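S.K.: My structure is stored as coords.txt, with compact mmCIF, C-alpha atoms.
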# COMPACT_ATOMS: atom_id res chain seq x y z
CA MET A 1 7.67 3.34 -21.53
CA LEU A 2 5.25 2.83 -18.62
CA THR A 3 5.54 5.22 -15.70
CA THR A 4 4.44 4.59 -12.14
CA PRO A 5 1.96 7.17 -10.79
CA ASP A 6 3.45 9.43 -8.14
CA PRO A 7 1.41 8.95 -4.94
CA THR A 8 2.24 12.41 -3.55
CA ASP A 9 -1.01 14.17 -4.45
CA GLN A 10 -3.13 11.21 -3.31
CA LEU A 11 -1.31 11.09 0.02
CA ARG A 12 -1.57 14.84 0.58
CA ALA A 13 -5.32 14.70 -0.03
CA ALA A 14 -5.69 11.77 2.36
CA LEU A 15 -3.74 13.55 5.09
CA ARG A 16 -5.99 16.60 4.79
CA ARG A 17 -9.13 14.58 5.54
CA PRO A 18 -10.43 15.01 9.09
CA GLY A 19 -10.46 12.04 11.40
CA ASN A 20 -9.85 10.81 14.91
CA GLY A 21 -6.68 9.33 16.28
CA SER A 22 -6.17 5.63 16.92
CA SER A 23 -4.86 3.45 19.72
CA ASP A 24 -3.70 -0.05 20.54
CA PHE A 25 -7.07 -0.48 22.25
CA ASP A 26 -9.33 0.26 19.25
CA LEU A 27 -10.33 -3.37 18.80
CA ASN A 28 -10.58 -3.96 22.56
CA PRO A 29 -13.36 -1.70 23.84
CA ASP A 30 -13.65 -3.60 27.12
CA PHE A 31 -10.06 -2.89 28.12
CA ALA A 32 -9.92 -0.37 30.98
CA LEU A 33 -7.24 2.27 30.48
CA PRO A 34 -5.27 3.09 33.63
CA GLU A 35 -6.50 6.17 35.47
CA GLY A 36 -4.11 9.11 35.57
CA ARG A 37 -1.85 7.66 32.91
CA LYS A 38 0.75 10.04 31.50
CA LEU A 39 1.38 9.89 27.77
CA ARG A 40 4.81 10.76 26.41
CA PRO A 41 5.07 12.34 22.92
CA ALA A 42 6.84 10.43 20.17
CA GLY A 43 7.30 10.80 16.42
CA VAL A 44 7.72 8.15 13.74
CA LEU A 45 8.59 8.58 10.08
CA VAL A 46 6.44 6.88 7.44
CA PRO A 47 9.00 7.03 4.59
CA ILE A 48 7.75 6.19 1.10
CA SER A 49 10.41 5.79 -1.57
CA VAL A 50 9.56 6.66 -5.18
CA ALA A 51 13.17 6.52 -6.33
CA ASP A 52 13.10 3.12 -8.03
CA GLY A 53 9.74 2.67 -9.74
CA ALA A 54 6.66 1.55 -7.81
CA PRO A 55 6.36 3.34 -4.43
CA ARG A 56 7.63 1.33 -1.47
CA LEU A 57 7.25 1.85 2.28
CA ILE A 58 10.46 1.57 4.29
CA LEU A 59 10.19 -0.24 7.64
CA THR A 60 12.54 -1.66 10.25
CA LYS A 61 12.75 -4.86 12.22
CA ARG A 62 13.70 -3.98 15.77
CA SER A 63 16.64 -5.64 17.48
CA SER A 64 15.78 -8.68 19.59
CA ALA A 65 17.94 -7.15 22.36
CA LEU A 66 15.64 -4.17 22.94
CA LYS A 67 13.57 -3.91 26.11
CA HIS A 68 10.40 -2.71 24.37
CA HIS A 69 8.90 -4.53 21.36
CA PRO A 70 11.99 -6.65 20.53
CA GLY A 71 11.97 -8.15 17.05
CA GLN A 72 8.84 -6.32 15.97
CA ILE A 73 8.27 -4.45 12.71
CA ALA A 74 8.26 -0.68 13.22
CA PHE A 75 8.59 2.72 11.61
CA PRO A 76 11.84 4.54 12.30
CA GLY A 77 11.18 6.86 15.22
CA GLY A 78 11.02 7.23 18.97
CA LYS A 79 10.24 9.45 21.91
CA GLN A 80 10.55 13.22 21.63
CA ASP A 81 13.67 14.62 23.30
CA ASN A 82 13.91 18.04 24.92
CA GLY A 83 16.17 19.22 22.11
CA ASP A 84 13.66 18.37 19.37
CA ALA A 85 11.73 21.35 17.99
CA ASP A 86 8.63 19.20 17.42
CA VAL A 87 7.60 15.62 16.64
CA THR A 88 8.60 16.05 12.99
CA ALA A 89 12.12 16.86 14.13
CA THR A 90 11.95 13.79 16.39
CA ALA A 91 10.97 11.52 13.49
CA LEU A 92 13.73 12.89 11.25
CA ARG A 93 16.39 12.65 13.97
CA GLU A 94 15.42 9.10 14.89
CA ALA A 95 15.32 7.99 11.23
CA HIS A 96 18.83 9.37 10.79
CA GLU A 97 20.05 7.58 13.91
CA GLU A 98 18.27 4.28 13.24
CA ILE A 99 18.64 3.78 9.48
CA GLY A 100 21.09 6.48 8.35
CA LEU A 101 18.49 8.52 6.45
CA PRO A 102 19.82 12.04 5.78
CA GLN A 103 17.54 14.49 7.59
CA GLU A 104 17.26 16.80 4.58
CA MET A 105 16.15 14.02 2.20
CA PRO A 106 12.50 13.37 3.20
CA GLU A 107 9.84 15.59 1.64
CA ILE A 108 7.31 15.95 4.46
CA LEU A 109 3.72 15.59 3.21
CA GLY A 110 1.90 15.87 6.53
CA HIS A 111 0.86 14.03 9.66
CA LEU A 112 -1.61 11.31 10.51
CA PRO A 113 -3.67 11.64 13.70
CA THR A 114 -1.84 10.52 16.84
CA HIS A 115 -1.79 6.90 17.98
CA GLU A 116 -1.74 5.87 21.65
CA THR A 117 0.32 2.79 22.48
CA VAL A 118 0.10 0.30 25.33
CA THR A 119 3.50 1.63 26.45
CA SER A 120 1.95 5.08 27.15
CA PHE A 121 3.26 6.98 24.15
CA THR A 122 1.20 9.28 21.96
CA VAL A 123 2.79 8.77 18.57
CA THR A 124 2.54 11.21 15.66
CA PRO A 125 3.16 9.53 12.28
CA VAL A 126 5.00 11.86 9.88
CA VAL A 127 4.42 10.87 6.26
CA ALA A 128 7.25 11.65 3.84
CA ILE A 129 8.34 10.98 0.26
CA LEU A 130 11.91 9.98 -0.66
CA ARG A 131 12.70 10.93 -4.25
CA LYS A 132 16.33 9.80 -4.22
CA PRO A 133 17.69 6.35 -3.38
CA PHE A 134 19.73 5.90 -0.23
CA GLN A 135 21.66 3.04 1.29
CA PRO A 136 20.25 2.21 4.75
CA VAL A 137 22.74 1.90 7.60
CA PRO A 138 20.97 0.06 10.46
CA GLU A 139 21.96 1.10 13.98
CA PRO A 140 23.05 -2.31 15.32
CA GLY A 141 21.86 -1.70 18.88
CA GLU A 142 18.31 -0.94 17.77
CA VAL A 143 17.67 -2.18 14.24
CA ALA A 144 18.13 -5.76 13.05
CA GLU A 145 17.00 -5.09 9.47
CA VAL A 146 15.75 -2.34 7.14
CA PHE A 147 13.39 -3.50 4.40
CA SER A 148 10.58 -2.21 2.20
CA VAL A 149 7.14 -3.37 1.10
CA PRO A 150 5.03 -2.18 -1.84
CA LEU A 151 2.98 0.85 -0.80
CA ALA A 152 0.02 -0.64 -2.69
CA HIS A 153 0.07 -3.65 -0.35
CA VAL A 154 -0.43 -1.63 2.84
CA LEU A 155 -2.94 0.74 1.24
CA ASN A 156 -5.28 -2.14 0.35
CA PRO A 157 -7.74 -2.70 3.24
CA ALA A 158 -8.35 -6.26 2.00
CA ASN A 159 -4.80 -7.20 3.06
CA TYR A 160 -5.51 -6.55 6.76
CA ILE A 161 -6.45 -9.35 9.15
CA VAL A 162 -7.70 -9.09 12.74
CA GLU A 163 -5.91 -11.58 14.99
CA SER A 164 -5.69 -12.04 18.75
CA ARG A 165 -3.55 -13.32 21.61
CA ARG A 166 -3.68 -13.42 25.39
CA TRP A 167 -2.24 -10.28 27.01
CA ARG A 168 -2.34 -9.45 30.72
CA GLY A 169 -4.97 -12.11 31.31
CA GLN A 170 -7.28 -10.88 28.55
CA ARG A 171 -7.71 -11.66 24.88
CA ARG A 172 -6.38 -8.73 22.88
CA TYR A 173 -7.35 -8.14 19.24
CA TYR A 174 -5.15 -6.28 16.77
CA PHE A 175 -4.60 -5.64 13.06
CA THR A 176 -1.96 -7.45 11.02
CA VAL A 177 -0.85 -6.86 7.42
CA PRO A 178 1.66 -9.62 6.65
CA PHE A 179 4.00 -9.39 3.69
CA GLY A 180 6.28 -12.29 2.78
CA PRO A 181 8.39 -13.16 5.84
CA TYR A 182 7.40 -9.95 7.63
CA TYR A 183 4.65 -10.05 10.26
CA ILE A 184 3.51 -6.44 10.50
CA TRP A 185 1.13 -6.01 13.43
CA GLY A 186 0.21 -3.91 16.46
CA ALA A 187 0.69 -0.15 16.38
CA THR A 188 2.47 -0.21 13.01
CA ALA A 189 -0.37 -2.11 11.35
CA ARG A 190 -3.01 0.03 13.06
CA ILE A 191 -1.41 3.26 11.84
CA LEU A 192 -1.13 1.87 8.31
CA ARG A 193 -4.75 0.67 8.45
CA GLY A 194 -5.77 4.24 9.26
CA LEU A 195 -3.82 5.54 6.27
CA ALA A 196 -5.40 2.90 4.04
CA ALA A 197 -8.87 3.94 5.20
CA ARG A 198 -8.15 7.59 4.35
CA ILE A 199 -6.76 6.74 0.92
CA ASN A 200 -9.82 4.66 0.09
CA GLU A 201 -12.47 7.13 1.28
For the structure just supplied, provide its representation as structure tokens.
M.R.:
Amino acid sequence: MLTTPDPTDQLRAALRRPGNGSSDFDLNPDFALPEGRKLRPAGVLVPISVADGAPRLILTKRSSALKHHPGQIAFPGGKQDNGDADVTATALREAHEEIGLPQEMPEILGHLPTHETVTSFTVTPVVAILRKPFQPVPEPGEVAEVFSVPLAHVLNPANYIVESRRWRGQRRYYFTVPFGPYYIWGATARILRGLAARINE
């Protein structure tokens, strides 16, 4: 019987490698960041399920009714609340609220460097392994769909494409890593591209 390699050790090693953070402006060096901007802390969970064979990354499609980033592909997560002990607690709380993931289930492997978004958040990605299956329960006000993609797909740098669109009167470039009907782009794709780079060092 063939067994699928557990990615835990590979991910832990990648997370220990030094490196700088990322931002939505990485591919747009001419964009002038606003002076005196205030960044708000946020945490997102990067949940990787190894419960059913080949490792898969769990993602969400945001509700089209949301004010910020409607309909976009995202990690479960959000801004840090005063009651959260740290950004890891934020990521776990938000994942429980958004997709029904029990807070005790994820095995935390570590953190990726922070990512600055155009919406003035400094986001800490919290990478975790899920060893047991769970049935997602999307929060209808925030999450339109919960789905997964093969981890191998997002860890392959060859699957990333740089695209662009007009934004605030300028052409903005960004990473995408499409999979089937899912257009993964922006901050989510940039964070995953950073993880892919670490894995392939």
S.K.: Name the residues, using the chain letters and numbers of the file, that sit within 10 Å of (1.1, 13.0, -2.2) when counting all atoms listed in the file, and give them as a PyMOL selection string.
M.R.: chain A and resi 6-15+107-110+127-129
S.K.: Excluding segment 25-37 of chain A and any residue of its chain fewer than 2 positions from it, enumerate the residues within 9 Å of it, using all atoms listed in the file, and give them as a list in words.
M.R.: Ser22, Ser23, Leu39, Glu116, Thr117, Val118, Ser120, Val162, Gln170, Arg171, Arg172, Tyr173, Tyr174, Phe175 and Arg190 of chain A
S.K.: Write the residues you've just listed into a file as a PDB file, in the frame of the given file, and include C-alpha atoms for each of them.
M.R.:
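See part-v5.pdb below for the written result:
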ATOM      1  CA  SER A  22      -6.170   5.630  16.920  1.00  0.00           C
ATOM      2  CA  SER A  23      -4.860   3.450  19.720  1.00  0.00           C
ATOM      3  CA  LEU A  39       1.380   9.890  27.770  1.00  0.00           C
ATOM      4  CA  GLU A 116      -1.740   5.870  21.650  1.00  0.00           C
ATOM      5  CA  THR A 117       0.320   2.790  22.480  1.00  0.00           C
ATOM      6  CA  VAL A 118       0.100   0.300  25.330  1.00  0.00           C
ATOM      7  CA  SER A 120       1.950   5.080  27.150  1.00  0.00           C
ATOM      8  CA  VAL A 162      -7.700  -9.090  12.740  1.00  0.00           C
ATOM      9  CA  GLN A 170      -7.280 -10.880  28.550  1.00  0.00           C
ATOM     10  CA  ARG A 171      -7.710 -11.660  24.880  1.00  0.00           C
ATOM     11  CA  ARG A 172      -6.380  -8.730  22.880  1.00  0.00           C
ATOM     12  CA  TYR A 173      -7.350  -8.140  19.240  1.00  0.00           C
ATOM     13  CA  TYR A 174      -5.150  -6.280  16.770  1.00  0.00           C
ATOM     14  CA  PHE A 175      -4.600  -5.640  13.060  1.00  0.00           C
ATOM     15  CA  ARG A 190      -3.010   0.030  13.060  1.00  0.00           C
TER      16      ARG A 190
END
S.K.: Excluding Thr114 of chain A and any residue of its chain fewer than 4 positions from it, enumerate the residues within 12 Å of it, using all atoms listed in the file, and give them as a list in words.
M.R.: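 So the residues in contact are Gly19, Asn20, Gly21, Ser22, Ser23, Asp24, Leu39, Arg40, Pro41, Ala42, Gly43, Val44, Val87, Phe121, Thr122, Val123, Thr124, Pro125, Val126, Ala187, Arg190, Ile191, Gly194 and Leu195 of chain A.
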S.K.: What are the centre and the three edge lengths of an axis-aligned box that wraps all atoms of segment 16-27 of chain A in the file, given that 4 Å is added to every side, written as lines of an AutoDock Vina configuration file and rounded to one decimal in Å?
M.R.:
center_x = -7.1
center_y = 6.6
center_z = 13.5
size_x = 14.8
size_y = 28.0
size_z = 25.5
S.K.: Could you give me, as a list of chain:residue names, the residues within 6 Å of segment 50-61 of chain A, counting all atoms listed in the file and dropping anything in the same chain fewer than 4 positions from it?
M.R.: A:Thr4, A:Gly71, A:Gln72, A:Ile73, A:Ala74, A:Phe75, A:Arg131, A:Lys132, A:Pro133, A:Val143, A:Ala144, A:Glu145, A:Val146, A:Phe147, A:Ser148, A:Val149, A:Pro150, A:Leu151
